[in-house]
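Note: the block below is run_15.cif and it holds mmCIF, C-alpha atoms and all ligand atoms.
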```
data_coords
#
loop_
_atom_site.label_atom_id
_atom_site.label_comp_id
_atom_site.auth_asym_id
_atom_site.auth_seq_id
_atom_site.Cartn_x
_atom_site.Cartn_y
_atom_site.Cartn_z
CA MET A 1250 85.32 126.07 106.70
CA THR A 1251 85.25 122.75 104.87
CA VAL A 1252 83.00 123.03 101.83
CA SER A 1253 80.89 120.37 100.13
CA THR A 1254 82.25 121.14 96.62
CA ARG A 1255 85.04 118.67 95.81
CA VAL A 1256 88.17 119.42 93.78
CA THR A 1257 87.82 118.37 90.16
CA PRO A 1258 89.33 114.85 89.91
CA PRO A 1259 92.64 114.54 88.01
CA ASP A 1260 91.02 112.08 85.58
CA ALA A 1261 88.56 114.83 84.60
CA LEU A 1262 91.01 117.75 84.39
CA ASP A 1263 94.78 117.74 84.92
CA PRO A 1264 95.27 119.72 88.15
CA ARG A 1265 98.60 121.11 86.88
CA ILE A 1266 96.60 123.21 84.42
CA LYS A 1267 95.57 126.49 86.05
CA SER A 1268 92.50 126.66 83.80
CA ILE A 1269 89.46 128.93 83.90
CA GLY A 1270 87.23 125.80 83.82
CA ARG A 1271 88.66 124.57 87.12
CA TYR A 1272 87.75 127.83 88.79
CA VAL A 1273 84.02 127.40 88.26
CA ALA A 1274 84.08 124.72 90.99
CA ASN A 1275 86.52 126.72 93.12
CA ILE A 1276 84.43 129.91 92.89
CA GLN A 1277 81.34 127.89 93.86
CA ALA A 1278 83.32 126.54 96.83
CA LYS A 1279 84.46 130.03 97.83
CA MET A 1280 80.87 131.33 97.64
CA GLU A 1281 79.76 128.43 99.82
CA ALA A 1282 82.37 129.38 102.43
CA ASN A 1283 81.59 133.11 102.24
CA ARG A 1284 77.85 132.48 102.66
CA GLN A 1285 78.67 130.81 105.97
CA GLY A 1286 80.83 133.77 107.01
CA ALA A 1287 84.16 132.00 106.39
CA GLY A 1288 86.94 133.76 104.49
CA GLU A 1289 88.21 130.62 102.75
CA GLY A 1290 86.93 127.15 101.92
CA LEU A 1291 88.83 123.90 102.36
CA MET A 1292 88.15 121.41 99.57
CA LEU A 1293 88.38 117.64 99.79
CA ASN A 1294 88.94 115.30 96.85
CA MET A 1295 86.48 112.67 95.68
CA GLN A 1296 87.96 110.13 98.14
CA GLY A 1297 87.42 112.51 101.05
CA TYR A 1298 91.09 113.41 101.52
CA VAL A 1299 92.08 117.02 102.12
CA ALA A 1300 93.14 118.65 98.84
CA GLU A 1301 93.49 122.45 98.97
CA ALA A 1302 91.72 125.71 99.63
CA THR A 1303 89.88 127.42 96.75
CA GLY A 1304 92.99 129.41 95.72
CA ASP A 1305 95.73 128.15 98.02
CA ASN A 1306 97.61 125.01 99.05
CA ILE A 1307 97.53 123.75 102.63
CA PHE A 1308 100.25 122.67 105.07
CA ILE A 1309 99.89 121.24 108.54
CA VAL A 1310 102.54 121.08 111.24
CA LYS A 1311 102.45 118.05 113.54
CA ASP A 1312 105.24 117.21 116.00
CA GLY A 1313 107.76 119.32 114.06
CA VAL A 1314 106.96 117.69 110.69
CA LEU A 1315 105.33 119.51 107.77
CA HIS A 1316 102.62 117.60 105.90
CA THR A 1317 100.98 118.77 102.71
CA PRO A 1318 98.61 116.91 100.38
CA HIS A 1319 100.35 114.70 97.81
CA PRO A 1320 100.04 116.02 94.24
CA ALA A 1321 98.04 112.86 93.43
CA CYS A 1322 95.26 114.21 95.69
CA GLY A 1323 94.29 116.46 92.77
CA ILE A 1324 95.91 119.69 93.95
CA LEU A 1325 97.42 122.49 91.94
CA LYS A 1326 101.15 122.14 92.70
CA GLY A 1327 101.64 125.81 93.57
CA ILE A 1328 104.92 127.71 93.35
CA THR A 1329 104.45 129.09 96.88
CA ARG A 1330 104.01 125.49 98.10
CA GLY A 1331 107.29 124.70 96.33
CA THR A 1332 109.09 127.60 98.04
CA VAL A 1333 107.85 126.49 101.48
CA ILE A 1334 109.12 122.95 100.79
CA GLU A 1335 112.48 124.47 99.74
CA ILE A 1336 112.66 126.49 102.99
CA ALA A 1337 111.84 123.38 105.05
CA HIS A 1338 114.55 121.36 103.26
CA ASP A 1339 117.09 124.15 103.90
CA TRP A 1340 116.17 124.07 107.61
CA ASP A 1341 116.18 120.24 107.81
CA ILE A 1342 112.49 120.17 108.66
CA PRO A 1343 110.95 116.96 107.30
CA VAL A 1344 108.19 117.43 104.70
CA VAL A 1345 105.75 114.63 103.88
CA GLU A 1346 103.57 114.84 100.79
CA ASP A 1347 100.72 112.98 102.37
CA TRP A 1348 97.13 111.77 102.29
CA LEU A 1349 95.51 113.90 104.97
CA THR A 1350 92.05 113.62 106.47
CA LEU A 1351 90.08 116.36 108.20
CA HIS A 1352 91.04 114.72 111.49
CA ASP A 1353 94.71 115.51 110.71
CA VAL A 1354 93.84 119.17 110.14
CA TYR A 1355 91.64 119.48 113.24
CA THR A 1356 94.36 117.97 115.45
CA ALA A 1357 97.36 119.71 113.85
CA ASP A 1358 99.65 121.88 115.95
CA GLU A 1359 99.64 124.56 113.23
CA VAL A 1360 98.05 124.98 109.80
CA PHE A 1361 98.79 127.51 107.06
CA LEU A 1362 97.78 128.19 103.47
CA THR A 1363 100.10 129.17 100.62
CA GLY A 1364 99.46 130.99 97.34
CA THR A 1365 100.84 133.78 95.19
CA ALA A 1366 97.99 136.16 96.14
CA ALA A 1367 97.80 135.38 99.87
CA GLU A 1368 101.50 134.40 100.25
CA ILE A 1369 101.39 132.46 103.55
CA ILE A 1370 98.43 132.81 105.90
CA PRO A 1371 97.92 131.02 109.21
CA MET A 1372 94.69 129.02 109.51
CA ILE A 1373 93.63 129.39 113.11
CA GLU A 1374 90.16 127.89 112.95
CA LEU A 1375 88.38 125.28 110.83
CA ASP A 1376 84.69 124.36 111.11
CA HIS A 1377 84.43 126.30 114.41
CA ARG A 1378 87.33 124.32 115.91
CA PRO A 1379 90.45 126.24 116.94
CA ILE A 1380 93.67 124.89 115.41
CA GLY A 1381 96.36 124.40 118.06
CA ASP A 1382 95.89 127.21 120.56
CA GLY A 1383 93.88 129.27 118.06
CA LYS A 1384 96.77 131.62 117.26
CA PRO A 1385 99.28 131.71 114.37
CA GLY A 1386 101.90 129.05 115.12
CA GLU A 1387 105.57 129.60 115.89
CA LEU A 1388 106.89 127.66 112.87
CA THR A 1389 104.30 129.30 110.62
CA GLU A 1390 105.53 132.76 111.70
CA LYS A 1391 109.16 131.74 111.08
CA ILE A 1392 108.33 130.45 107.60
CA ILE A 1393 106.39 133.64 106.79
CA GLY A 1394 109.44 135.73 107.76
CA GLU A 1395 111.80 133.61 105.65
CA PHE A 1396 109.40 133.56 102.68
CA ARG A 1397 109.12 137.37 102.68
CA GLN A 1398 112.91 137.66 102.87
CA ARG A 1399 113.44 135.26 99.93
CA VAL A 1400 110.76 136.89 97.77
CA ARG A 1401 112.24 140.35 98.43
CA GLU A 1402 115.78 139.13 97.65
CA ASP A 1403 114.62 137.44 94.42
CA GLY A 1404 112.74 140.61 93.45
CA VAL A 1405 115.88 142.68 93.92
CA ARG A 1406 118.01 140.08 92.09
CA ILE A 1407 115.81 140.08 88.99
CA GLY A 1408 115.45 143.86 89.09
CA VAL A 1409 111.77 144.07 90.01
CA HIS A 1410 112.44 146.91 92.44
CA ALA A 1411 115.28 148.47 90.42
CA ARG A 1412 114.70 151.99 89.18
C1 LIG B 1501 93.41 126.02 93.28
C2 LIG B 1501 94.70 126.63 93.66
N1 LIG B 1501 95.54 125.94 94.48
C3 LIG B 1501 96.72 126.47 94.84
C4 LIG B 1501 97.13 127.71 94.40
C5 LIG B 1501 98.48 128.26 94.84
O1 LIG B 1501 99.37 128.27 93.76
P1 LIG B 1501 100.56 129.33 93.66
O2 LIG B 1501 101.37 129.18 94.89
O3 LIG B 1501 101.29 128.91 92.41
O4 LIG B 1501 99.94 130.69 93.52
C6 LIG B 1501 96.31 128.46 93.56
C7 LIG B 1501 96.72 129.77 93.08
O5 LIG B 1501 96.15 130.33 92.17
C8 LIG B 1501 95.07 127.90 93.17
O6 LIG B 1501 94.24 128.57 92.38
#
```

Would you write the structure of this file as structure tokens?
Ligand SMILES: Cc1ncc(COP(=O)(O)O)c(C=O)c1O
Amino acid sequence: MTVSTRVTPPDALDPRIKSIGRYVANIQAKMEANRQGAGEGLMLNMQGYVAEATGDNIFIVKDGVLHTPHPACGILKGITRGTVIEIAHDWDIPVVEDWLTLHDVYTADEVFLTGTAAEIIPMIELDHRPIGDGKPGELTEKIIGEFRQRVREDGVRIGVHAR
């Protein structure tokens, strides 16, 4: 669900800093979502543009184009977000770092969240409105498959799984 707690503005705290202070607002936002029975909360910035979830970045798919909030919206520029952009570039899928409103999210074909903990998770409902046909989207599923492949390959390459 969309929460009332806004992301901390960049002129108050640089969003590139993954600081404990920032998480006070994000934890409050997560509690707000959980109290309403939602697993995750979507946070807007002070101008009302979509920023990010409490611990994840957001992407929408519309007419074959990926849109994700511009870093200037006050988001943490996550490494999983970066990997998804890399995958999209490799597949010649256009990516727009954009100023998105809730209307864009409600009317998207597909929406997914990205983060180190959650990896990539489809968002199938927001504020009691189904996204697309209310099921994980086709492109989302493809990106999840490719992401898992790349993470596993990188893990093997740097010896994470080596015995
Ligand atoms: C507020 C916030 N946005 C986005 C992310 C996703 O970042 P990453 O992909 O680097 O884990 C996180 C992860 O901790 C986060 O806390």

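Of the listed residues (A:Lys1267, A:His1319, A:Arg1401, A:His1338), A:Lys1267 comes nearest to Gly1304 in chain A; the distances count all atoms listed in the file.
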
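Among the candidates A:Asn1306, A:Glu1395, A:Pro1259, A:Arg1265, the one nearest to Glu1335 in chain A when counting only C-alpha atoms is A:Glu1395.
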
*In Å, how far is it from CA of Ile1307 in chain A to CA of Gly1323 in chain A?*
12.7 Å

*asked:* How would you report the residues lying within 10 Å of ligand LIG 1501 (chain B), as a ChimeraX atom specification, if you count all atoms listed in the file?
replied: /A:1256-1257,1264-1269,1271-1272,1274-1276,1292,1300-1307,1323-1333,1362-1369

_Cut-off 8 Å around (89.3, 122.6, 112.6) with all atoms listed in the file: residues as an NGL selection string_ = :A and (1250 or 1351 or 1354-1356 or 1374-1380)

Kindly compute an axis-aligned box around the listed atoms of range 1312-1325 of chain A, allowing 3 Å on each side, and express its centre and edge lengths in Å to one decimal as AutoDock Vina command-line options.
```
--center_x 101.0 --center_y 117.7 --center_z 104.0 --size_x 19.5 --size_y 15.6 --size_z 30.1
```

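Here CA of Lys1311 in chain A stands at a distance of 11.8 Å from CA of Thr1389 in chain A.
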
*Within 6 Å of Val1360 in chain A using all atoms listed in the file, minus same-chain residues under 5 positions, as a VMD selection string*: chain A and resid 1308 to 1309 1372

*Compare A:Cys1322, A:Gly1290, A:Gly1297, A:Ile1392 by their minimum atom-to-atom distance to Ile1342 in chain A, counting all atoms listed in the file, and give me the closest one.*
A:Ile1392

*Of the candidates A:Lys1384, A:Arg1255, A:Lys1279, A:Lys1391, which one gets nearest to Ile1336 in chain A if we count only C-alpha atoms?*
A:Lys1391

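Candidate residues A:Leu1315, A:Leu1262, A:Val1299, A:Met1280 were compared for distance to His1352 in chain A, and the nearest is A:Val1299, using only C-alpha atoms.
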
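The space between CA of Ala1357 in chain A and CA of Gly1286 in chain A spans 22.8 Å.
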
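For the choices A:Val1344, A:Val1273, A:Val1400, A:Val1310, the atom-to-atom distance to Gly1381 in chain A is smallest for A:Val1310 when using only C-alpha atoms.
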
Need the shell around Leu1349 in chain A: protein/DNA/RNA residues with any atom at most 7 Å away, counting all atoms listed in the file. Skip same-chain ones fewer than 4 positions apart. Format as a tab-separated table (two decimals) with C-alpha atoms, keeping the file's coordinate frame?
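Generated output (around33.tsv):
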```tsv
chain	number	residue	atom	x	y	z
A	1298	TYR	CA	91.09	113.41	101.52
A	1299	VAL	CA	92.08	117.02	102.12
A	1318	PRO	CA	98.61	116.91	100.38
A	1353	ASP	CA	94.71	115.51	110.71
```

_Polymer residues at most 10 Å from Asp1382 in chain A, only C-alpha atoms, same-chain spacing of 3 or more positions, as a PyMOL selection string_ = chain A and resi 1358-1359+1373-1374+1379+1385-1386
